[in-house]
Every structure is written in C-alpha cells, then in structure tokens.
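First comes the structure, then the notes that go with it.
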Amino acid sequence: GQNIDQPTEMTATEGAIVQINCTYQTSGFNGLFWYQQHAGEAPTFLSYNVLDGLEEKGRFSSFLSRSKGYSYLLLKELQMKDSASYLCAPWGNNNDMRFGAGTRLTVKP
Amino acid sequence: DAGVIQSPRHEVTEMGQEVTLRCKPISGHDYLFWYRQTMMRGLELLIYFNNNVPIDDSGMPEDRFSAKMPNASFSTLKIQPSEPRDSAVYFCASSHSHRGPYGYTFGSGTRLTVV
C-alpha cells in the first residue's frame, strides 16, 4: 500500500518563501517527484529526488529524507503565477507513480 | 515532439452511453498510464502499460472500465455504460523506462461529463 500526506491548502504572500511538506509510506522506494498543476491544466514535472538532501533548481528546491519518509518543496521569491496545486509523488517498487491529494497554494499580493 | 496527445478535450454524454477516450504517447516512451482526477479523490492511477502490455489495472474502478493498447502509439480507455459518477478529468501520461529525473509527461486531459 501507499500513503501520502500533504497539507490541503496554503496561502503565502508574493515575494515570500513557502515550504510544502509531504510524508509518505510506500512499498519500496526509488525516488520522489514533485509536480505542479495549474487549475484546468495537466500536471507538469518540477523536481525529482532519489538521494537524501536538497536539490536546488532556481526558485524551487526539493528536499528528501528517505529514512523519515519525508520530503518538502521550497518555493522562494513567490510570484503570483506560482498559485497552483503541488503534488507529491513517491515512486515505489511497482514501477508506477501515485500522487498525493496535492497542496493548493494561493499567492496573494 | 508534439507531446502526449489526448482526444477529445471535452466530452459530454448521457448516462448509459459508451465513452471512448484516446491517447497517443510520446514516440519512444514504453510506459503509458491512465489517471482520473476529481476534487474528492485527487489524481488516481487507473491502469498502466509497459510495452503495450497491461501491468497493473487494480485502479480500474469496475468492470464498466476497460483499457487497451493495440500498439506503441495508441491507447484507449472505454467506459460502458457511463454513469454520472464517472464525471472527471482523465489524463494519459507516458514515460521512458529510464525516466530517472524526468518523470511522466501528461497529456492535456479529457474532461468527461456524464449527465
């Protein structure tokens, strides 16, 4: 089985920093993906972590702790266009990817 | 590359009718996935194929749902008969077996409304 927990909603101010947490339990573990999904659109790839630690990519960074079953997505210098849902997706032994319910982030001026 | 192509983009049908959703994966990708997304249940994996062979269909809600992949460039998801509770956005995604840091590429989705 697979359990994935993320906060349902978060609100932050333009220019600020926000951290979206994800805890998971999977049958085996190969890596963890973060996806961004704007309303009415398809999910798009943001990041992938396979080893413990922080992966930085521009304004977005993703952290993984395999032993704790924990990841977070860090968004810096928030922009209005960052308002979207952020989906945590562990990649388990089944060679497929199952998504958490997602965190809906609202960025306010 | 044109990406993953799904058709139709929108489908409105009456309860009891058959619905067929179509997907063309990215050329060279050997995995294909069908997902369903609703507000209540989020993004659910329905079924996935590897090299045109169904690997795991445990997410298919019931016998009214069926999926096929007759060749590497085409897959269908069929609902027969359709019910109002099937209303959702259906996404197709594809990936290469060595997807590593690239994950899946999703199509634009089919928004299905069953009335």
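Starting from 1 in every chain, residues are counted up; chains themselves are A, B, ... following the order of the structure tokens, and ligands are numbered from 1 as listed.
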Expected answer as a PyMOL selection string: chain A residues within 9 Å of chain B, only C-alpha atoms: chain A and resi 31+33+40-50+94+96-102
Residues near stretch 58-69 of chain A, cut-off 9 Å, only C-alpha atoms, skip fewer than 3 positions along chain, as an NGL selection string: :A and (22-26 or 29 or 31-32 or 34 or 46-55 or 72-78)
Straight-line distance linking atom CA of B:Arg36 with atom CA of B:Thr110, stated in Å to one decimal: 9.5 Å
Non-local contacts of A:Ala39 (8 Å; only C-alpha atoms; under 2 positions in same chain excluded) as a list in words: Gln37, Glu41, Ala84 and Ser85 of chain A
Deliver the residues from the most recent selection as a file, using all heavy atoms, as a tab-separated table (two decimals), in the first residue's frame.
```
chain	number	residue	atom	x	y	z
A	37	GLN	N	0.53	21.76	-10.79
A	37	GLN	CA	-0.66	21.71	-11.63
A	37	GLN	C	-1.47	22.98	-11.47
A	37	GLN	O	-2.04	23.24	-10.41
A	37	GLN	CB	-1.52	20.49	-11.28
A	37	GLN	CG	-2.70	20.32	-12.24
A	37	GLN	CD	-3.53	19.07	-11.95
A	37	GLN	OE1	-3.56	18.58	-10.83
A	37	GLN	NE2	-4.21	18.55	-12.96
A	41	GLU	N	-5.32	22.56	-15.94
A	41	GLU	CA	-4.23	22.10	-16.79
A	41	GLU	C	-3.70	20.76	-16.30
A	41	GLU	O	-4.06	20.27	-15.23
A	41	GLU	CB	-3.11	23.15	-16.81
A	41	GLU	CG	-3.54	24.48	-17.40
A	41	GLU	CD	-2.40	25.48	-17.45
A	41	GLU	OE1	-1.24	25.09	-17.22
A	41	GLU	OE2	-2.68	26.66	-17.72
A	84	ALA	N	-1.01	27.49	-7.57
A	84	ALA	CA	-1.26	26.22	-8.26
A	84	ALA	C	-1.36	25.14	-7.20
A	84	ALA	O	-1.15	25.40	-6.01
A	84	ALA	CB	-0.12	25.89	-9.22
A	85	SER	N	-1.64	23.92	-7.64
A	85	SER	CA	-1.55	22.77	-6.75
A	85	SER	C	-0.20	22.11	-6.94
A	85	SER	O	0.33	22.05	-8.06
A	85	SER	CB	-2.67	21.76	-7.06
A	85	SER	OG	-3.91	22.26	-6.64
```
Picked from stretch 8-96 of chain A by DSSP as strand (DSSP E or B), as a PyMOL selection string: chain A and resi 9-13+18-25+31-37+44-49+53-57+60-65+70-75+84-91
Separation of atom CA of A:Asn21 from atom CA of A:Cys88 in Å: 8.7 Å
Distance of atom CA of B:Glu11 from atom CA of B:Ser94, expressed in Å to one decimal place: 22.0 Å
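These are the residues of chain B assigned helix (DSSP H, G or I) by DSSP from backbone coordinates: B:Pro84, B:Arg85, B:Asp86, B:Gly100, B:Pro101, B:Tyr102.
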Near-A:Thr106 list (7 Å; only C-alpha atoms; drop same-chain fewer than 5 positions) as a list of chain:residue names: A:Met10, A:Thr11, A:Ala12, A:Ser83, A:Ala84
Close residues, B:Pro25 itself excluded, 7 Å, only C-alpha atoms, min 3 positions apart in chain, as number ranges by chain: B: 4-5, 29, 32, 73-74, 94
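Using only C-alpha atoms for every distance, the candidate list B:Asn71, B:Ala88, B:Ser58, B:His96 yields B:Ala88 as the residue closest to B:Arg9.
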B:Arg64 environment, 12 Å, only C-alpha atoms, sequence neighbours closer than 2 positions dropped, as JSON, numbers by chain: {"B": [16, 17, 18, 19, 20, 60, 61, 62, 66, 67, 77, 78, 79, 80, 81, 82, 83, 86]}
